[in-house]
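Source file protein.cif; content: mmCIF, C-alpha atoms and all ligand atoms.
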```cif
data_upload
#
loop_
_atom_site.label_atom_id
_atom_site.label_comp_id
_atom_site.auth_asym_id
_atom_site.auth_seq_id
_atom_site.Cartn_x
_atom_site.Cartn_y
_atom_site.Cartn_z
CA MET A 414 -163.44 32.27 159.55
CA GLU A 415 -161.83 35.00 161.64
CA ILE A 416 -163.97 36.08 164.58
CA LYS A 417 -163.64 39.86 164.61
CA SER A 418 -164.75 40.24 168.20
CA ALA A 419 -162.34 37.56 169.56
CA LEU A 420 -160.45 40.18 171.59
CA ILE A 421 -163.66 41.38 173.20
CA GLN A 422 -164.71 37.82 174.03
CA GLU A 423 -161.31 37.21 175.63
CA TYR A 424 -161.95 39.95 178.19
CA PHE A 425 -165.73 39.72 178.49
CA LYS A 426 -166.87 36.15 179.10
CA GLY A 427 -170.46 35.04 178.79
CA LEU A 428 -171.58 37.37 176.00
CA THR A 429 -174.82 36.27 174.34
CA GLU A 430 -174.86 35.23 170.67
CA LYS A 431 -176.62 38.50 169.91
CA GLN A 432 -173.89 40.55 171.61
CA VAL A 433 -171.11 38.64 169.81
CA SER A 434 -172.89 39.22 166.50
CA GLN A 435 -173.31 42.94 167.29
CA PHE A 436 -169.62 43.32 168.19
CA ASP A 437 -168.68 41.41 165.00
CA GLN A 438 -170.82 43.73 162.86
CA LEU A 439 -169.01 46.84 164.13
CA TYR A 440 -166.03 46.27 161.82
CA ASP A 441 -168.05 46.43 158.61
CA LEU A 442 -170.29 49.21 159.89
CA TYR A 443 -167.43 51.48 160.94
CA SER A 444 -165.38 50.64 157.81
CA PHE A 445 -168.35 51.75 155.71
CA TRP A 446 -169.30 54.88 157.66
CA ASN A 447 -165.77 56.01 158.47
CA ALA A 448 -164.94 56.07 154.76
CA GLN A 449 -167.71 58.68 154.33
CA ILE A 450 -167.65 60.61 157.60
CA ASN A 451 -164.44 60.58 159.58
CA VAL A 452 -165.20 59.43 163.12
CA ILE A 453 -161.95 57.63 163.91
CA SER A 454 -158.52 58.13 162.38
CA ARG A 455 -158.61 56.25 159.03
CA LYS A 456 -155.49 54.24 159.84
CA ASP A 457 -157.08 53.22 163.14
CA ILE A 458 -159.79 51.09 161.52
CA GLU A 459 -157.56 48.00 161.77
CA GLU A 460 -157.22 48.77 165.50
CA LEU A 461 -160.96 49.24 165.97
CA TYR A 462 -161.41 46.35 168.41
CA GLU A 463 -158.46 47.23 170.66
CA ARG A 464 -158.26 51.03 170.58
CA HIS A 465 -161.91 51.91 170.33
CA ILE A 466 -164.19 49.03 171.35
CA LEU A 467 -162.13 47.44 174.12
CA HIS A 468 -161.02 50.88 175.32
CA SER A 469 -164.68 51.95 175.58
CA LEU A 470 -165.49 48.77 177.50
CA GLY A 471 -162.77 49.60 180.03
CA ILE A 472 -165.50 51.55 181.83
CA ALA A 473 -167.35 48.25 182.35
CA LYS A 474 -164.37 46.76 184.19
CA PHE A 475 -164.84 49.46 186.80
CA CYS A 476 -168.63 49.88 186.83
CA THR A 477 -171.42 47.43 185.96
CA PHE A 478 -174.41 49.47 184.81
CA LYS A 479 -177.73 48.25 186.18
CA PRO A 480 -180.97 47.66 184.26
CA GLY A 481 -182.91 50.92 184.08
CA GLU A 482 -179.92 53.15 184.74
CA ARG A 483 -179.45 56.11 182.41
CA VAL A 484 -176.07 57.02 180.96
CA LEU A 485 -175.11 60.17 179.00
CA ASP A 486 -172.15 59.97 176.57
CA VAL A 487 -170.84 63.51 176.03
CA GLY A 488 -169.01 64.20 172.75
CA THR A 489 -169.60 60.64 171.55
CA GLY A 490 -168.21 61.30 168.03
CA GLY A 491 -168.99 58.10 166.12
CA GLY A 492 -170.25 56.38 169.27
CA PHE A 493 -167.35 55.88 171.69
CA PRO A 494 -167.66 54.84 174.41
CA GLY A 495 -171.48 54.74 174.13
CA ILE A 496 -172.08 52.15 171.41
CA PRO A 497 -169.85 49.34 172.81
CA LEU A 498 -171.30 49.97 176.29
CA ALA A 499 -174.86 49.85 174.94
CA ILE A 500 -174.14 46.44 173.39
CA LEU A 501 -172.71 45.17 176.67
CA PHE A 502 -175.56 46.59 178.81
CA PRO A 503 -178.74 46.14 176.74
CA ASP A 504 -181.04 46.97 179.67
CA THR A 505 -179.39 50.33 180.41
CA GLN A 506 -180.51 53.46 178.51
CA PHE A 507 -177.79 55.39 176.69
CA HIS A 508 -178.08 58.97 175.40
CA LEU A 509 -175.23 59.82 173.03
CA VAL A 510 -174.76 63.51 172.21
CA ASP A 511 -172.36 65.40 169.98
CA SER A 512 -172.21 68.98 168.74
CA ILE A 513 -171.47 67.81 165.16
CA GLY A 514 -174.54 66.54 163.31
CA LYS A 515 -172.62 64.36 160.83
CA LYS A 516 -171.19 62.31 163.68
CA ILE A 517 -174.65 61.78 165.16
CA LYS A 518 -175.75 60.51 161.75
CA VAL A 519 -173.08 57.77 161.98
CA VAL A 520 -174.17 56.88 165.53
CA THR A 521 -177.82 56.69 164.47
CA GLU A 522 -177.03 54.49 161.46
CA VAL A 523 -174.79 52.14 163.48
CA ALA A 524 -177.32 51.82 166.33
CA GLU A 525 -180.15 51.11 163.87
CA ALA A 526 -178.15 48.53 161.92
CA LEU A 527 -177.36 46.73 165.18
CA GLY A 528 -180.97 46.91 166.39
CA LEU A 529 -179.92 48.72 169.57
CA THR A 530 -183.16 49.92 171.15
CA ASN A 531 -181.40 51.31 174.24
CA VAL A 532 -179.56 54.07 172.33
CA LYS A 533 -180.82 57.59 171.67
CA ALA A 534 -178.49 59.86 169.66
CA SER A 535 -178.92 63.65 169.66
CA HIS A 536 -177.20 66.49 167.83
CA LEU A 537 -176.70 68.65 170.93
CA ARG A 538 -173.98 70.38 172.85
CA ALA A 539 -173.57 68.90 176.33
CA GLU A 540 -174.60 72.27 177.82
CA GLN A 541 -178.01 71.99 176.08
CA VAL A 542 -178.92 68.60 177.59
CA THR A 543 -181.68 68.99 180.18
CA ASP A 544 -182.33 65.38 181.35
CA LYS A 545 -180.88 63.69 184.41
CA TYR A 546 -178.64 60.63 184.39
CA ASP A 547 -177.00 58.16 186.73
CA PHE A 548 -173.64 58.29 184.96
CA VAL A 549 -171.88 60.50 182.41
CA VAL A 550 -169.26 58.75 180.26
CA SER A 551 -166.84 60.38 177.85
CA ARG A 552 -163.57 60.05 175.97
CA ALA A 553 -161.25 62.61 174.39
CA VAL A 554 -163.52 65.66 174.58
CA THR A 555 -161.88 68.27 176.81
CA ARG A 556 -160.07 68.93 180.08
CA LEU A 557 -161.96 68.17 183.28
CA ILE A 558 -161.95 71.83 184.37
CA ASP A 559 -164.03 72.71 181.28
CA PHE A 560 -166.05 69.47 181.17
CA TYR A 561 -167.39 69.42 184.71
CA PRO A 562 -169.47 72.63 184.50
CA TRP A 563 -171.29 71.24 181.43
CA ILE A 564 -172.65 68.22 183.28
CA LYS A 565 -172.54 68.93 187.02
CA ASP A 566 -176.31 69.47 187.37
CA LYS A 567 -177.28 66.44 185.25
CA PHE A 568 -177.09 63.67 187.87
CA ASN A 569 -180.00 61.84 189.49
CA LYS A 570 -179.74 62.34 193.25
CA GLU A 571 -180.38 58.68 194.15
CA SER A 572 -177.87 56.02 193.12
CA LYS A 573 -178.98 52.55 192.04
CA ASN A 574 -175.43 51.32 191.63
CA ALA A 575 -172.75 50.02 194.00
CA ILE A 576 -170.90 53.30 193.40
CA PRO A 577 -172.44 56.78 193.65
CA ASN A 578 -173.62 58.38 190.41
CA GLY A 579 -170.88 60.31 188.64
CA ILE A 580 -168.49 60.75 185.73
CA LEU A 581 -166.57 57.87 184.17
CA TYR A 582 -164.06 59.50 181.82
CA LEU A 583 -161.52 57.59 179.72
CA LYS A 584 -158.24 59.45 179.81
CA GLY A 585 -154.57 58.76 179.20
CA GLY A 586 -151.14 60.05 180.07
CA ASP A 587 -150.05 62.11 183.06
CA LEU A 588 -153.26 63.39 184.61
CA ALA A 589 -151.93 64.90 187.84
CA GLU A 590 -151.88 68.48 186.57
CA GLU A 591 -155.28 68.24 184.90
CA ILE A 592 -156.89 66.81 188.03
CA ALA A 593 -155.21 69.38 190.32
CA GLU A 594 -156.34 72.24 188.08
CA SER A 595 -159.95 70.96 188.14
CA ARG A 596 -160.01 70.72 191.98
CA LEU A 597 -162.26 67.66 191.62
CA LYS A 598 -162.07 64.55 193.79
CA ALA A 599 -161.05 62.23 190.97
CA GLN A 600 -160.10 58.58 191.41
CA LEU A 601 -157.90 56.89 188.79
CA TYR A 602 -158.32 53.26 187.78
CA PRO A 603 -155.57 51.94 185.46
CA LEU A 604 -156.85 49.87 182.53
CA SER A 605 -153.48 48.05 182.45
CA GLU A 606 -154.80 46.07 185.44
CA TYR A 607 -157.41 44.51 183.17
CA PHE A 608 -156.01 44.56 179.63
CA LYS A 609 -152.50 43.32 178.74
CA GLU A 610 -152.09 45.19 175.40
CA ASP A 611 -149.42 47.95 175.41
CA PHE A 612 -152.04 50.50 174.33
CA PHE A 613 -153.57 50.38 177.82
CA GLU A 614 -150.32 51.00 179.72
CA THR A 615 -151.10 54.68 180.21
CA LYS A 616 -154.89 54.57 180.06
CA TYR A 617 -157.25 55.16 182.97
CA VAL A 618 -160.89 55.33 183.91
CA VAL A 619 -161.23 58.59 185.83
CA TYR A 620 -164.14 58.38 188.26
CA ILE A 621 -165.58 61.57 189.75
CA PRO A 622 -168.64 61.21 192.00
CA GLY A 623 -171.32 63.62 190.73
C1 LIG B 1 -161.92 63.90 169.71
S1 LIG B 1 -163.63 63.64 169.49
C2 LIG B 1 -163.89 62.18 170.47
C3 LIG B 1 -165.09 61.40 170.02
C4 LIG B 1 -165.37 60.12 170.81
N1 LIG B 1 -165.70 60.40 172.19
C5 LIG B 1 -164.20 59.17 170.73
O1 LIG B 1 -163.49 59.01 171.72
O2 LIG B 1 -163.99 58.58 169.64
C6 LIG B 1 -164.40 64.91 170.48
C7 LIG B 1 -165.86 65.08 170.19
O3 LIG B 1 -166.45 65.93 171.16
C8 LIG B 1 -167.43 66.73 170.53
N2 LIG B 1 -167.69 67.88 171.39
C9 LIG B 1 -166.83 68.85 171.75
N3 LIG B 1 -167.43 69.72 172.60
C10 LIG B 1 -168.70 69.29 172.78
C11 LIG B 1 -169.81 69.74 173.54
N4 LIG B 1 -169.74 70.85 174.30
N5 LIG B 1 -170.96 69.04 173.50
C12 LIG B 1 -171.05 67.93 172.74
N6 LIG B 1 -170.04 67.44 171.99
C13 LIG B 1 -168.87 68.11 172.02
C14 LIG B 1 -166.82 67.03 169.17
O4 LIG B 1 -167.80 67.40 168.22
C15 LIG B 1 -166.14 65.70 168.83
O5 LIG B 1 -166.98 64.86 168.08
#
```
As structure tokens - that is how I would like this structure written.
Ligand SMILES: C[S@@+](CC[C@H](N)C(=O)[O-])C[C@H]1O[C@@H](n2cnc3c(N)ncnc32)[C@H](O)[C@@H]1O
Amino acid sequence: MEIKSALIQEYFKGLTEKQVSQFDQLYDLYSFWNAQINVISRKDIEELYERHILHSLGIAKFCTFKPGERVLDVGTGGGFPGIPLAILFPDTQFHLVDSIGKKIKVVTEVAEALGLTNVKASHLRAEQVTDKYDFVVSRAVTRLIDFYPWIKDKFNKESKNAIPNGILYLKGGDLAEEIAESRLKAQLYPLSEYFKEDFFETKYVVYIPG
């Protein structure tokens, strides 16, 4: 039988049986939910493991979240990058927010089906979130110049991690202009250093200390 999560296991060794089973279940869960509520491009479902799950986990190649850390996923859509990261880091607390309620319904259903107790999903705009976090993750929401003001006061002052608390944003393409315009001290980490698939050639984790 085909192992759906084989690609994930290739790049993330030592997953538990539970994690492998959770990653395997994502195909059926997203096929079902995406047919009802569009959270990823419909033609992308066959690329789910590479373009959505592995891409989300690119953040983990740069930063290992610690037990007890709190992570906010802004504009999570159907749960990217938050859901794959919550599977990989079961002792870290993830808060996934999106301004569209239907998308949060998909996240809630997927997290429940997987038995993920470290995921909270809320129908909220980022600007309405009042809690504090160690890290903010995101993908494909908006330009940094608009994003940063939404979340700049949402970081815990003390870091538990090897790197200071901050933003870990998945972005692609030529980012020089966007970073210059934002005037933020952003560091770029190319995902092509970790993943050999062509999709990752122009993809980066953008790290901005909070
Ligand atoms: C292109 S989708 C990306 C979804 C997901 N991050 C992914 O990569 O698959 C952008 C999402 O950001 C959400 N969004 C936009 N502005 C937002 C805000 N201010 N607060 C929360 N969510 C927001 C939208 O509702 C949408 O679901």
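Between ligand LIG 1 (chain B) and the residues A:Ser595, A:Ser605, A:Ser572, A:Ser512, the shortest atom-to-atom distance, using only C-alpha atoms and all ligand atoms, involves A:Ser512.
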> Neighbours of ligand LIG 1 (chain B) within 9 Å, counting all atoms listed in the file, as an NGL selection string?
Replying inline: :A and (452-453 or 465 or 469 or 486-495 or 510-514 or 516-517 or 536-542 or 550-555 or 560 or 563 or 583)
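Of the listed residues (A:Ala473, A:Ser418, A:Lys533, A:Gly427), A:Lys533 comes nearest to Thr521 of chain A; the distances count all atoms listed in the file.
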> Got a sec: who's within 12 Å of Thr429 of chain A, counting only C-alpha atoms, leaving out chain neighbours fewer than 3 positions off, as a VMD selection string?
Replying inline: chain A and resid 422 425 to 426 432 to 436 500 to 503
> Skipping near chain neighbours, those fewer than 2 positions away, what residues fall within 10 Å of Ile564 of chain A using only C-alpha atoms, listed as an MDAnalysis selection string?
Replying inline: chainID A and resid 485 487 539:543 545:546 549 559:562 566:568 579:580 623
When you get a chance, write out N, CA and C atoms for segment 414-450 of chain A, as a tab-separated table (two decimals), in the frame of the given file.
```tsv
chain	number	residue	atom	x	y	z
A	414	MET	N	-163.25	30.83	159.76
A	414	MET	CA	-163.44	32.27	159.55
A	414	MET	C	-162.97	33.05	160.79
A	415	GLU	N	-162.33	34.16	160.53
A	415	GLU	CA	-161.83	35.00	161.64
A	415	GLU	C	-163.02	35.57	162.44
A	416	ILE	N	-162.91	35.48	163.75
A	416	ILE	CA	-163.97	36.08	164.58
A	416	ILE	C	-163.48	37.47	164.96
A	417	LYS	N	-164.15	38.50	164.45
A	417	LYS	CA	-163.64	39.86	164.61
A	417	LYS	C	-163.63	40.28	166.08
A	418	SER	N	-164.64	39.79	166.81
A	418	SER	CA	-164.75	40.24	168.20
A	418	SER	C	-163.99	39.35	169.18
A	419	ALA	N	-163.05	38.51	168.68
A	419	ALA	CA	-162.34	37.56	169.56
A	419	ALA	C	-161.70	38.27	170.75
A	420	LEU	N	-161.11	39.45	170.50
A	420	LEU	CA	-160.45	40.18	171.59
A	420	LEU	C	-161.47	40.58	172.67
A	421	ILE	N	-162.63	40.96	172.24
A	421	ILE	CA	-163.66	41.38	173.20
A	421	ILE	C	-164.12	40.16	174.02
A	422	GLN	N	-164.27	39.03	173.33
A	422	GLN	CA	-164.71	37.82	174.03
A	422	GLN	C	-163.66	37.32	175.02
A	423	GLU	N	-162.38	37.62	174.73
A	423	GLU	CA	-161.31	37.21	175.63
A	423	GLU	C	-161.47	37.91	176.99
A	424	TYR	N	-161.87	39.17	176.95
A	424	TYR	CA	-161.95	39.95	178.19
A	424	TYR	C	-163.36	40.04	178.78
A	425	PHE	N	-164.34	39.68	177.99
A	425	PHE	CA	-165.73	39.72	178.49
A	425	PHE	C	-166.37	38.37	178.21
A	426	LYS	N	-166.34	37.51	179.23
A	426	LYS	CA	-166.87	36.15	179.10
A	426	LYS	C	-168.39	36.20	179.21
A	427	GLY	N	-169.02	35.20	178.60
A	427	GLY	CA	-170.46	35.04	178.79
A	427	GLY	C	-171.31	35.99	177.97
A	428	LEU	N	-170.75	36.54	176.88
A	428	LEU	CA	-171.58	37.37	176.00
A	428	LEU	C	-172.62	36.48	175.32
A	429	THR	N	-173.80	37.03	175.06
A	429	THR	CA	-174.82	36.27	174.34
A	429	THR	C	-174.45	36.22	172.85
A	430	GLU	N	-175.10	35.31	172.13
A	430	GLU	CA	-174.86	35.23	170.67
A	430	GLU	C	-175.16	36.56	170.00
A	431	LYS	N	-176.23	37.21	170.49
A	431	LYS	CA	-176.62	38.50	169.91
A	431	LYS	C	-175.52	39.54	170.13
A	432	GLN	N	-174.96	39.57	171.33
A	432	GLN	CA	-173.89	40.55	171.61
A	432	GLN	C	-172.65	40.26	170.75
A	433	VAL	N	-172.28	38.99	170.63
A	433	VAL	CA	-171.11	38.64	169.81
A	433	VAL	C	-171.37	39.08	168.37
A	434	SER	N	-172.56	38.82	167.88
A	434	SER	CA	-172.89	39.22	166.50
A	434	SER	C	-172.84	40.75	166.37
A	435	GLN	N	-173.34	41.47	167.36
A	435	GLN	CA	-173.31	42.94	167.29
A	435	GLN	C	-171.86	43.45	167.30
A	436	PHE	N	-171.03	42.89	168.19
A	436	PHE	CA	-169.62	43.32	168.19
A	436	PHE	C	-168.96	42.98	166.85
A	437	ASP	N	-169.25	41.79	166.30
A	437	ASP	CA	-168.68	41.41	165.00
A	437	ASP	C	-169.06	42.39	163.90
A	438	GLN	N	-170.32	42.83	163.93
A	438	GLN	CA	-170.82	43.73	162.86
A	438	GLN	C	-170.15	45.10	162.87
A	439	LEU	N	-169.57	45.47	164.03
A	439	LEU	CA	-169.01	46.84	164.13
A	439	LEU	C	-167.91	47.09	163.10
A	440	TYR	N	-167.14	46.04	162.77
A	440	TYR	CA	-166.03	46.27	161.82
A	440	TYR	C	-166.56	46.76	160.47
A	441	ASP	N	-167.52	46.04	159.93
A	441	ASP	CA	-168.05	46.43	158.61
A	441	ASP	C	-168.79	47.77	158.69
A	442	LEU	N	-169.53	47.96	159.77
A	442	LEU	CA	-170.29	49.21	159.89
A	442	LEU	C	-169.35	50.42	159.98
A	443	TYR	N	-168.34	50.33	160.82
A	443	TYR	CA	-167.43	51.48	160.94
A	443	TYR	C	-166.53	51.63	159.71
A	444	SER	N	-166.17	50.51	159.05
A	444	SER	CA	-165.38	50.64	157.81
A	444	SER	C	-166.19	51.43	156.80
A	445	PHE	N	-167.47	51.08	156.68
A	445	PHE	CA	-168.35	51.75	155.71
A	445	PHE	C	-168.53	53.23	156.07
A	446	TRP	N	-168.96	53.50	157.29
A	446	TRP	CA	-169.30	54.88	157.66
A	446	TRP	C	-168.08	55.77	157.79
A	447	ASN	N	-166.96	55.19	158.28
A	447	ASN	CA	-165.77	56.01	158.47
A	447	ASN	C	-165.17	56.46	157.13
A	448	ALA	N	-165.43	55.68	156.09
A	448	ALA	CA	-164.94	56.07	154.76
A	448	ALA	C	-165.69	57.31	154.27
A	449	GLN	N	-166.91	57.53	154.79
A	449	GLN	CA	-167.71	58.68	154.33
A	449	GLN	C	-167.63	59.86	155.28
A	450	ILE	N	-167.67	59.56	156.57
A	450	ILE	CA	-167.65	60.61	157.60
A	450	ILE	C	-166.60	60.18	158.62
```
